[in-house]
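Asks: Let me give you the structure first, and then I'll get to my questions.
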Amino acid sequence: MATVKFFGLLRIQTGIAEAKAEGKTLKEVLYDIQRQYPSMTVKELKKKVIYVNGKDINQLKFFRTKINPNDEITIMSPVSGG
Amino acid sequence: MSSRIPEQLKDKTALVVGCGGLGGYVVEHLVRIGMGKIIIADHDCFCHSNLNRQLISNLENIGLSKVQEAKKRAFSINKAVQIIPIEEKVDKTNIQKIAMGCDIVFDCSDNVPTRLILEEYCEEKNLPLIHGAIGDLCGQVAAVYPGDRTLSKLYKDFSEKKLPTVSYVPALVASLQVSEGVKALIGESQLRGKTMIIDLSTNYIKIIGSEEGR
C-alpha cells in the first residue's frame, strides 16, 4: 500500500495526517482515500497540489501516474499566514 | 563559511514584505547577521492579539507602527544597519518604488494576492524571492527564482483561511527563510524551485518539487 501524507489546511481541517491506500494509479489511490474517508472526495482531492515521491504530478502523468506500494504521495493545501 | 557571512552581506539590500509573525523574526535575523540595508513594508500597527507570536510586539508598543518599531529594535541591536520603514500595503502600484535597489525579497505577507504580486515582480526583475507561510502548526518555505512560478502552482486553487498559530512556528519558518536567503545572496539556495513543508503536529518535514521547472 502507498503512504499518503496530508499537509496544511487539509490536515488541519480533517485531522488526518497520514493514510495507507491501494491503487495501481494515483486516481485509484484517491478513490481508495474517498472510500476510507468520505469527507475527502476525489473531486476535492484533485484540486489540491499533489506530489508523488516529492515530484509534482504535472511533471508525471497526472492522475494516471503509476503508483508502487512503497511510494509516498503528498497531498497539500498550502497555508498562507504570515 | 558562517564567519564570512556578514562581510558578504554588508553591501546587500533586502526587502521584507510583512512585519508580523514571520517578518519580525526575519528582520531580527537579518539585522544580527549584518545585512547592509533592510526595507521593511507593512501598513499595520501592533495589537494585543500579536503578542503570542510576533517578536517585535510588546505591551509598550500596542497601537504603534510595526515598521517603525522594527526600526527601533534594529538600531538597538546594530547601529550600522540601514533600515527603511515603509508604512504602506504592498500592491501592484507601489511595488516598483518600494523594492527599488533590493537584491532579494522575503515574502512574509499574510495573504495570497500580495504573495503573487511579489512573485510577478521578482520574475520581472530577476530577483530571488524567499517565501514563507504559516498556519496552525504548519509552515512552508520556498526559494522562488525567475521561471519557477512556485507560488502560482502552490496557490492555484486557493481559498484564503486565517489560522491561529503559536510563537515557535514563525520562529522556525523565518529562520529557514533567512538561511535560504543568505545562500541565495552568496550563492544559490538549495530550495531553488522546491518547497519545504513542515508540520510540527507530526514532525513531518519534506522537500517537494523538482528542478524541471527552471
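Labeling convention for the C-alpha cells: chains A, B, ... as they appear, residues from 1 per chain, ligands from 1 in order of appearance.
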What residues in chain A have any atom no more than 7 Å from chain B when counting only C-alpha atoms, and can you write them as a VMD selection string?
Replies: chain A and resid 8 47 49 54 to 56 78 to 82
Asks: Atoms to include: C-alpha atoms. Write the selected residues as a short mmCIF file (atom, residue, chain, number, x, y, z; two decimals), in the first residue's frame.
Replies:
```
data_model
loop_
_atom_site.label_atom_id
_atom_site.label_comp_id
_atom_site.auth_asym_id
_atom_site.auth_seq_id
_atom_site.Cartn_x
_atom_site.Cartn_y
_atom_site.Cartn_z
CA GLY A 8 -1.64 22.11 5.52
CA LYS A 47 -7.96 20.29 -6.80
CA VAL A 49 -1.37 20.18 -5.11
CA GLY A 54 8.31 14.63 -3.97
CA LYS A 55 7.61 15.14 -7.67
CA ASP A 56 4.74 17.31 -8.92
CA PRO A 78 -0.80 25.26 1.46
CA VAL A 79 -1.06 27.60 4.43
CA SER A 80 -0.88 31.34 3.81
CA GLY A 81 -0.49 33.20 7.10
CA GLY A 82 2.43 35.40 7.97
#
```
Asks: Running DSSP on the backbone, which parts of chain B land in helix (DSSP H, G or I), as number ranges by chain?
Replies: B: 2-9, 21-33, 48-50, 66-77, 95-98, 112-125, 150-154, 168-186, 211-213
Asks: DSSP on the backbone, strand (DSSP E) only: what residues of chain A does that give? Format it as a list in words.
Replies: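 Selecting the strand (DSSP E) positions of chain A gives Ala2, Thr3, Val4, Lys5, Phe6, Phe7, Gly8, Glu18, Ala19, Lys20, Ala21, Val49, Ile50, Tyr51, Val52, Lys55, Asp56, Glu72, Ile73, Thr74, Ile75, Met76 and Ser77 of chain A.
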Asks: Save out the residues we just selected, C-alpha atoms, as a short mmCIF file (atom, residue, chain, number, x, y, z; two decimals), in the first residue's frame.
Replies:
```
data_model
loop_
_atom_site.label_atom_id
_atom_site.label_comp_id
_atom_site.auth_asym_id
_atom_site.auth_seq_id
_atom_site.Cartn_x
_atom_site.Cartn_y
_atom_site.Cartn_z
CA ALA A 2 1.18 3.51 -0.75
CA THR A 3 1.56 6.06 2.04
CA VAL A 4 -0.49 9.22 1.64
CA LYS A 5 0.50 12.30 3.65
CA PHE A 6 -1.90 15.19 4.07
CA PHE A 7 -0.43 18.64 4.61
CA GLY A 8 -1.64 22.11 5.52
CA GLU A 18 -1.41 10.04 7.08
CA ALA A 19 -3.23 7.14 5.44
CA LYS A 20 -2.41 3.92 3.63
CA ALA A 21 -4.18 3.47 0.32
CA VAL A 49 -1.37 20.18 -5.11
CA ILE A 50 -0.20 16.56 -5.32
CA TYR A 51 3.32 15.12 -5.36
CA VAL A 52 4.44 11.51 -5.79
CA LYS A 55 7.61 15.14 -7.67
CA ASP A 56 4.74 17.31 -8.92
CA GLU A 72 4.79 8.36 -0.80
CA ILE A 73 2.04 10.65 -2.03
CA THR A 74 1.83 14.16 -0.56
CA ILE A 75 -1.50 15.95 -0.94
CA MET A 76 -1.20 19.55 0.13
CA SER A 77 -3.34 22.54 0.66
#
```
Asks: Pick out the closest residue to Glu22 (chain A) from this set: A:Met40, A:Met1, A:Ile57, A:Ile67. Count only C-alpha atoms.
Replies: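 Nearest to Glu22 (chain A): A:Met1.
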Asks: Mind checking which residues fall within 9 Å of Lys66 (chain A), counting only C-alpha atoms, ignoring those fewer than 6 positions away in the same chain, and posting them as a list in words?
Replies: Gly23, Lys24, Thr25 and Leu26 of chain A
Asks: Hey, which of B:Met35, B:Ile205, B:Ala41, B:Lys79 ends up closest to Ser65 (chain B)? Count only C-alpha atoms.
Replies: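 The shortest atom-to-atom distance to Ser65 (chain B) comes from B:Ala41.
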